$ cat work-v9.cif   # mmCIF, C-alpha atoms
data_target
#
loop_
_atom_site.label_atom_id
_atom_site.label_comp_id
_atom_site.auth_asym_id
_atom_site.auth_seq_id
_atom_site.Cartn_x
_atom_site.Cartn_y
_atom_site.Cartn_z
CA SER Y 53 8.23 17.99 25.85
CA PRO Y 54 11.43 19.97 26.38
CA SER Y 55 13.14 19.58 29.77
CA LEU Y 56 11.64 16.15 30.47
CA PRO Y 57 14.20 13.48 29.58
CA GLY Y 58 13.10 9.92 29.01
CA HIS Y 59 12.76 7.10 26.53
CA VAL Y 60 9.22 7.17 25.22
CA ASP Y 61 8.12 6.38 21.67
CA GLY Y 62 4.92 7.85 20.28
CA SER Y 63 3.43 11.07 19.05
CA LYS Y 64 5.24 14.39 18.96
CA SER Y 65 3.72 15.41 22.29
CA ALA Y 66 4.41 12.06 23.99
CA ALA Y 67 7.93 11.24 22.72
CA ARG Y 68 10.86 11.72 25.07
CA PHE Y 69 14.61 11.76 24.38
CA ASN Y 70 17.58 11.86 26.73
CA ALA Y 71 20.49 14.03 25.55
CA PRO Y 72 20.14 13.51 21.78
CA HIS Y 73 23.34 14.49 19.98
CA GLY Y 74 23.31 13.61 16.30
CA VAL Y 75 20.77 13.51 13.48
CA ALA Y 76 20.69 12.22 9.93
CA ILE Y 77 17.89 12.72 7.43
CA HIS Y 78 16.49 10.39 4.78
CA ARG Y 79 13.43 11.52 2.88
CA GLY Y 80 10.70 12.02 5.50
CA SER Y 81 12.58 10.45 8.41
CA VAL Y 82 15.01 11.92 10.91
CA PHE Y 83 17.31 9.40 12.62
CA VAL Y 84 18.49 10.50 16.06
CA ALA Y 85 21.45 9.36 18.16
CA ASP Y 86 19.63 9.41 21.52
CA THR Y 87 22.82 9.44 23.55
CA ASN Y 88 21.79 8.78 27.15
CA ASN Y 89 19.17 6.24 26.06
CA LEU Y 90 21.90 4.30 24.17
CA ALA Y 91 19.54 4.24 21.21
CA VAL Y 92 18.91 5.16 17.62
CA ARG Y 93 15.44 6.64 17.22
CA ARG Y 94 13.47 7.54 14.09
CA VAL Y 95 11.08 10.48 13.81
CA GLU Y 96 8.65 10.71 10.91
CA VAL Y 97 8.64 14.37 9.88
CA ALA Y 98 5.07 14.42 8.52
CA THR Y 99 3.47 13.00 11.67
CA GLY Y 100 6.00 13.61 14.44
CA GLN Y 101 5.72 9.93 15.35
CA THR Y 102 8.86 8.59 17.09
CA ARG Y 103 9.97 4.96 17.35
CA THR Y 104 13.10 3.24 18.62
CA VAL Y 105 15.15 1.65 15.84
CA VAL Y 106 17.63 -0.12 18.12
CA VAL Y 107 19.07 0.02 21.64
CA THR Y 108 22.78 -0.65 22.24
CA THR Y 109 24.95 -0.98 25.35
CA VAL Y 110 26.99 2.21 24.74
CA ARG Y 111 26.28 5.90 24.28
CA LEU Y 112 25.93 6.98 20.66
CA TYR Y 113 26.97 10.47 19.59
CA ARG Y 114 26.52 10.98 15.87
CA ILE Y 115 24.77 9.10 13.12
CA ALA Y 116 25.18 8.78 9.35
CA LEU Y 117 23.15 6.87 6.79
CA SER Y 118 23.95 4.89 3.68
CA TYR Y 119 22.49 6.46 0.55
CA ASP Y 120 19.36 4.29 0.68
CA ALA Y 121 19.15 4.44 4.51
CA SER Y 122 19.25 0.64 4.74
CA THR Y 123 22.28 0.96 7.00
CA ALA Y 124 23.00 3.52 9.70
CA TYR Y 125 26.40 4.14 11.27
CA ALA Y 126 26.73 5.49 14.79
CA SER Y 127 29.77 6.77 16.65
CA ALA Y 128 30.53 5.67 20.20
CA HIS Y 129 33.64 6.47 22.24
CA ALA Y 130 35.68 3.42 21.23
CA ALA Y 131 33.82 2.20 18.14
CA VAL Y 132 31.77 2.88 15.08
CA LEU Y 133 28.67 0.71 14.97
CA ARG Y 134 26.74 -0.56 11.95
CA ILE Y 135 22.97 -0.70 12.28
CA SER Y 136 21.73 -3.01 9.54
CA ASN Y 137 18.16 -2.81 8.26
CA ALA Y 138 17.74 0.64 9.83
CA MET Y 139 14.34 1.11 8.19
CA GLY Y 140 12.95 -2.15 9.60
CA ASN Y 141 13.92 -4.81 12.14
CA ALA Y 142 17.41 -3.46 12.90
CA SER Y 143 20.47 -5.22 14.30
CA VAL Y 144 23.77 -3.82 15.60
CA SER Y 145 27.34 -4.92 14.87
CA VAL Y 146 30.76 -3.31 15.22
CA LEU Y 147 32.08 -1.77 12.01
CA ALA Y 148 35.41 -0.82 13.61
CA GLY Y 149 36.78 -0.53 17.13
CA VAL Y 150 35.45 -2.02 20.35
CA HIS Y 151 31.78 -1.98 21.38
CA SER Y 152 32.45 -1.18 25.01
CA ALA Y 153 32.02 1.63 27.50
CA ASP Y 154 35.32 0.59 29.14
CA SER Y 155 37.90 3.37 28.67
CA SER Y 156 40.74 0.83 28.51
CA ASN Y 157 39.60 0.13 24.92
CA LEU Y 158 40.35 3.69 23.78
CA GLY Y 159 43.43 4.30 21.64
CA PHE Y 160 44.76 4.92 18.16
CA VAL Y 161 45.30 1.88 15.97
CA ASP Y 162 44.74 1.56 12.22
CA GLY Y 163 43.95 -1.75 10.59
CA ALA Y 164 41.29 -4.42 10.40
CA PRO Y 165 37.96 -3.54 12.05
CA SER Y 166 38.57 -5.76 15.09
CA VAL Y 167 42.04 -4.22 15.61
CA ALA Y 168 41.21 -0.53 15.02
CA ARG Y 169 40.98 1.71 18.07
CA PHE Y 170 39.47 5.16 18.54
CA ASP Y 171 39.53 7.72 21.33
CA ARG Y 172 36.14 9.38 21.07
CA ALA Y 173 34.91 8.55 17.57
CA TYR Y 174 32.55 11.42 16.95
CA ALA Y 175 31.30 13.01 13.72
CA LEU Y 176 30.87 10.77 10.69
CA VAL Y 177 29.75 10.90 7.08
CA VAL Y 178 29.36 8.35 4.29
CA VAL Y 179 31.35 9.13 1.13
CA LEU Y 180 30.87 6.47 -1.55
CA ASN Y 181 32.23 3.23 0.01
CA ASP Y 182 34.00 4.99 2.87
CA LEU Y 183 32.94 6.26 6.24
CA ILE Y 184 34.86 9.36 7.34
CA VAL Y 185 35.09 9.62 11.15
CA THR Y 186 36.51 12.31 13.40
CA ASP Y 187 38.55 10.74 16.20
CA ALA Y 188 38.33 13.65 18.63
CA TYR Y 189 40.89 12.89 21.34
CA ASN Y 190 43.39 11.52 18.82
CA HIS Y 191 43.06 14.79 16.88
CA ALA Y 192 42.55 12.80 13.69
CA VAL Y 193 40.18 12.28 10.79
CA ARG Y 194 39.94 8.59 9.97
CA ARG Y 195 38.62 6.60 7.02
CA ILE Y 196 36.83 3.29 7.34
CA ARG Y 197 36.51 1.40 4.09
CA ILE Y 198 33.09 -0.15 4.51
CA GLY Y 199 33.81 -3.87 4.47
CA ALA Y 200 37.60 -3.41 4.67
CA GLU Y 201 39.83 -1.60 7.16
CA CYS Y 202 40.34 1.61 9.12
CA SER Y 203 43.11 4.11 8.37
#
$ encode --input "work-v9.cif" --output "structure tokens"
Amino acid sequence: SPSLPGHVDGSKSAARFNAPHGVAIHRGSVFVADTNNLAVRRVEVATGQTRTVVVTTVRLYRIALSYDASTAYASAHAAVLRISNAMGNASVSVLAGVHSADSSNLGFVDGAPSVARFDRAYALVVVLNDLIVTDAYNHAVRRIRIGAECS
């Protein structure tokens, strides 16, 4: 129901979100970056059924999917996260940046995933083997080579 925030999975009438920001679509599923619940949620369009894919420890803002939706990518302030097995029993890892809500991890650094820094990673899209990310407070558009480095 609108105006009632929460984290409830279930039918269209029962499901609750808390400040959802981003969506990505794959066939009959809508993946949602449920920002204040620190979660990725999945809504089945045909039934309205909602379920939690994964819960993290940071707020997520936007979401993008690999072409087969086996992997989701979510933007957080200081990192871009990889959600493996997004259609099933998902797990979270850092694709680039720092998985932390601590603002001391914000910055602008290109390089290997563990070295890269962002200051409000935000919108993202998958293009072939790259992930294009807007880095809002650095006023930059960045490229992450999936499996390589950030530039």
$ atom_distance --input "work-v9.cif" --atom1 "atom CA of Ala126 of chain Y" --atom2 "atom CA of Lys64 of chain Y"
23.6 Å
$ resolve_selection --input "work-v9.cif" --expression "the PyMOL selection byres ((chain Y and resi 123) around 6)" --output "PyMOL selection string"
chain Y and resi 117-118+121-122+124+135-138
$ atom_distance --input "work-v9.cif" --atom1 "atom CA of Leu56 of chain Y" --atom2 "atom CA of Ile77 of chain Y"
24.1 Å
$ resolve_selection --input "work-v9.cif" --expression "the PyMOL selection byres ((chain Y and resi 163) around 12)" --output "list in words"
Leu147, Ala148, Gly149, Phe160, Val161, Asp162, Ala164, Pro165, Ser166, Val167, Ala168, Arg169, Phe170, Arg194, Arg195, Ile196, Arg197, Ala200, Glu201, Cys202 and Ser203 of chain Y
$ closest_residue --input "work-v9.cif" --among "Y:Val107, Y:Ala188, Y:Val82, Y:Val144" --to "Val95 of chain Y" --atoms "all atoms listed in the file"
Y:Val82
$ resolve_selection --input "work-v9.cif" --expression "the PyMOL selection byres ((chain Y and resi 67) around 9)" --output "JSON, numbers by chain"
{"Y": [53, 58, 59, 60, 61, 62, 63, 64, 65, 66, 68, 69, 100, 101, 102, 103]}
$ write_last_selection --input "work-v9.cif" --atoms "C-alpha atoms" --output "PDB file, in the frame of the given file"
ATOM      1  CA  SER Y  53       8.230  17.990  25.850  1.00  0.00           C
ATOM      2  CA  GLY Y  58      13.100   9.920  29.010  1.00  0.00           C
ATOM      3  CA  HIS Y  59      12.760   7.100  26.530  1.00  0.00           C
ATOM      4  CA  VAL Y  60       9.220   7.170  25.220  1.00  0.00           C
ATOM      5  CA  ASP Y  61       8.120   6.380  21.670  1.00  0.00           C
ATOM      6  CA  GLY Y  62       4.920   7.850  20.280  1.00  0.00           C
ATOM      7  CA  SER Y  63       3.430  11.070  19.050  1.00  0.00           C
ATOM      8  CA  LYS Y  64       5.240  14.390  18.960  1.00  0.00           C
ATOM      9  CA  SER Y  65       3.720  15.410  22.290  1.00  0.00           C
ATOM     10  CA  ALA Y  66       4.410  12.060  23.990  1.00  0.00           C
ATOM     11  CA  ARG Y  68      10.860  11.720  25.070  1.00  0.00           C
ATOM     12  CA  PHE Y  69      14.610  11.760  24.380  1.00  0.00           C
ATOM     13  CA  GLY Y 100       6.000  13.610  14.440  1.00  0.00           C
ATOM     14  CA  GLN Y 101       5.720   9.930  15.350  1.00  0.00           C
ATOM     15  CA  THR Y 102       8.860   8.590  17.090  1.00  0.00           C
ATOM     16  CA  ARG Y 103       9.970   4.960  17.350  1.00  0.00           C
TER      17      ARG Y 103
END
$ atom_distance --input "work-v9.cif" --atom1 "atom CA of Gly140 of chain Y" --atom2 "atom CA of Val105 of chain Y"
7.6 Å
$ closest_residue --input "work-v9.cif" --among "Y:Leu112, Y:Ala142, Y:Ala98, Y:Ala130" --to "Tyr189 of chain Y" --atoms "only C-alpha atoms"
Y:Ala130
$ axis_aligned_box --input "work-v9.cif" --around "segment 178-189 of chain Y" --padding-each-side "6 Å" --output "lines of an AutoDock Vina configuration file"
center_x = 35.1
center_y = 8.4
center_z = 9.9
size_x = 23.5
size_y = 22.4
size_z = 34.9
$ closest_residue --input "work-v9.cif" --among "Y:Thr99, Y:Val84, Y:Thr186, Y:His73" --to "Tyr113 of chain Y" --atoms "only C-alpha atoms"
Y:His73
$ decode --input "work-v9.cif" --residues "segment 61-145 of chain Y" --atoms "C-alpha atoms" --output "PDB file, in the first residue's frame"
ATOM      1  CA  ASP Y  61       7.331  -9.869   0.933  1.00  0.00           C
ATOM      2  CA  GLY Y  62       4.110 -11.297  -0.450  1.00  0.00           C
ATOM      3  CA  SER Y  63       1.188 -10.428  -2.645  1.00  0.00           C
ATOM      4  CA  LYS Y  64       0.681  -7.080  -4.332  1.00  0.00           C
ATOM      5  CA  SER Y  65      -1.582  -5.905  -1.514  1.00  0.00           C
ATOM      6  CA  ALA Y  66       0.717  -7.142   1.272  1.00  0.00           C
ATOM      7  CA  ALA Y  67       4.166  -6.167  -0.057  1.00  0.00           C
ATOM      8  CA  ARG Y  68       5.896  -3.150   1.439  1.00  0.00           C
ATOM      9  CA  PHE Y  69       8.949  -1.197   0.249  1.00  0.00           C
ATOM     10  CA  ASN Y  70      10.935   1.579   1.905  1.00  0.00           C
ATOM     11  CA  ALA Y  71      12.134   4.324  -0.467  1.00  0.00           C
ATOM     12  CA  PRO Y  72      12.665   2.215  -3.607  1.00  0.00           C
ATOM     13  CA  HIS Y  73      14.879   4.056  -6.099  1.00  0.00           C
ATOM     14  CA  GLY Y  74      15.870   1.916  -9.070  1.00  0.00           C
ATOM     15  CA  VAL Y  75      14.292  -0.802 -11.197  1.00  0.00           C
ATOM     16  CA  ALA Y  76      15.475  -3.193 -13.869  1.00  0.00           C
ATOM     17  CA  ILE Y  77      13.282  -5.513 -15.915  1.00  0.00           C
ATOM     18  CA  HIS Y  78      13.909  -9.038 -17.165  1.00  0.00           C
ATOM     19  CA  ARG Y  79      11.060 -10.827 -18.894  1.00  0.00           C
ATOM     20  CA  GLY Y  80       8.240 -11.013 -16.324  1.00  0.00           C
ATOM     21  CA  SER Y  81      10.272  -9.820 -13.344  1.00  0.00           C
ATOM     22  CA  VAL Y  82      10.995  -6.338 -12.035  1.00  0.00           C
ATOM     23  CA  PHE Y  83      14.077  -6.053  -9.808  1.00  0.00           C
ATOM     24  CA  VAL Y  84      13.905  -3.186  -7.319  1.00  0.00           C
ATOM     25  CA  ALA Y  85      16.650  -1.388  -5.392  1.00  0.00           C
ATOM     26  CA  ASP Y  86      14.721  -1.048  -2.119  1.00  0.00           C
ATOM     27  CA  THR Y  87      16.963   1.675  -0.763  1.00  0.00           C
ATOM     28  CA  ASN Y  88      16.050   2.068   2.906  1.00  0.00           C
ATOM     29  CA  ASN Y  89      15.612  -1.687   3.335  1.00  0.00           C
ATOM     30  CA  LEU Y  90      19.182  -2.202   2.012  1.00  0.00           C
ATOM     31  CA  ALA Y  91      17.745  -4.847  -0.289  1.00  0.00           C
ATOM     32  CA  VAL Y  92      17.180  -6.037  -3.818  1.00  0.00           C
ATOM     33  CA  ARG Y  93      13.604  -7.205  -4.268  1.00  0.00           C
ATOM     34  CA  ARG Y  94      11.924  -9.014  -7.166  1.00  0.00           C
ATOM     35  CA  VAL Y  95       8.330  -8.475  -8.255  1.00  0.00           C
ATOM     36  CA  GLU Y  96       6.650 -10.931 -10.615  1.00  0.00           C
ATOM     37  CA  VAL Y  97       4.618  -8.799 -13.019  1.00  0.00           C
ATOM     38  CA  ALA Y  98       1.935 -11.410 -13.743  1.00  0.00           C
ATOM     39  CA  THR Y  99       1.068 -12.063 -10.091  1.00  0.00           C
ATOM     40  CA  GLY Y 100       2.357  -9.023  -8.210  1.00  0.00           C
ATOM     41  CA  GLN Y 101       4.186 -11.386  -5.857  1.00  0.00           C
ATOM     42  CA  THR Y 102       7.240  -9.764  -4.205  1.00  0.00           C
ATOM     43  CA  ARG Y 103      10.228 -11.535  -2.669  1.00  0.00           C
ATOM     44  CA  THR Y 104      13.559 -10.384  -1.288  1.00  0.00           C
ATOM     45  CA  VAL Y 105      16.505 -11.427  -3.456  1.00  0.00           C
ATOM     46  CA  VAL Y 106      19.219 -10.275  -1.046  1.00  0.00           C
ATOM     47  CA  VAL Y 107      19.802  -7.893   1.868  1.00  0.00           C
ATOM     48  CA  THR Y 108      23.069  -5.937   2.138  1.00  0.00           C
ATOM     49  CA  THR Y 109      24.573  -3.616   4.758  1.00  0.00           C
ATOM     50  CA  VAL Y 110      24.398  -0.442   2.621  1.00  0.00           C
ATOM     51  CA  ARG Y 111      21.712   1.526   0.819  1.00  0.00           C
ATOM     52  CA  LEU Y 112      21.281   0.600  -2.837  1.00  0.00           C
ATOM     53  CA  TYR Y 113      20.192   3.215  -5.366  1.00  0.00           C
ATOM     54  CA  ARG Y 114      20.037   1.791  -8.862  1.00  0.00           C
ATOM     55  CA  ILE Y 115      20.126  -1.672 -10.331  1.00  0.00           C
ATOM     56  CA  ALA Y 116      21.151  -3.190 -13.662  1.00  0.00           C
ATOM     57  CA  LEU Y 117      21.007  -6.769 -14.910  1.00  0.00           C
ATOM     58  CA  SER Y 118      23.241  -8.949 -17.030  1.00  0.00           C
ATOM     59  CA  TYR Y 119      21.572  -9.988 -20.275  1.00  0.00           C
ATOM     60  CA  ASP Y 120      20.344 -13.290 -18.830  1.00  0.00           C
ATOM     61  CA  ALA Y 121      19.571 -11.744 -15.394  1.00  0.00           C
ATOM     62  CA  SER Y 122      21.859 -14.247 -13.675  1.00  0.00           C
ATOM     63  CA  THR Y 123      23.779 -11.317 -12.202  1.00  0.00           C
ATOM     64  CA  ALA Y 124      22.480  -8.008 -10.905  1.00  0.00           C
ATOM     65  CA  TYR Y 125      24.604  -4.941 -10.235  1.00  0.00           C
ATOM     66  CA  ALA Y 126      23.588  -2.359  -7.645  1.00  0.00           C
ATOM     67  CA  SER Y 127      25.007   1.078  -6.928  1.00  0.00           C
ATOM     68  CA  ALA Y 128      25.784   2.204  -3.393  1.00  0.00           C
ATOM     69  CA  HIS Y 129      27.504   5.421  -2.328  1.00  0.00           C
ATOM     70  CA  ALA Y 130      31.060   4.080  -2.313  1.00  0.00           C
ATOM     71  CA  ALA Y 131      30.724   0.873  -4.330  1.00  0.00           C
ATOM     72  CA  VAL Y 132      29.105  -1.108  -7.071  1.00  0.00           C
ATOM     73  CA  LEU Y 133      27.934  -4.488  -5.842  1.00  0.00           C
ATOM     74  CA  ARG Y 134      27.561  -7.742  -7.775  1.00  0.00           C
ATOM     75  CA  ILE Y 135      24.591  -9.917  -6.863  1.00  0.00           C
ATOM     76  CA  SER Y 136      25.349 -13.379  -8.224  1.00  0.00           C
ATOM     77  CA  ASN Y 137      22.563 -15.862  -8.939  1.00  0.00           C
ATOM     78  CA  ALA Y 138      19.975 -13.053  -8.854  1.00  0.00           C
ATOM     79  CA  MET Y 139      17.214 -15.398 -10.026  1.00  0.00           C
ATOM     80  CA  GLY Y 140      17.844 -17.919  -7.228  1.00  0.00           C
ATOM     81  CA  ASN Y 141      19.842 -18.173  -4.007  1.00  0.00           C
ATOM     82  CA  ALA Y 142      21.719 -14.868  -4.369  1.00  0.00           C
ATOM     83  CA  SER Y 143      25.002 -13.726  -2.853  1.00  0.00           C
ATOM     84  CA  VAL Y 144      26.628 -10.276  -2.719  1.00  0.00           C
ATOM     85  CA  SER Y 145      30.210  -9.243  -3.465  1.00  0.00           C
TER      86      SER Y 145
END
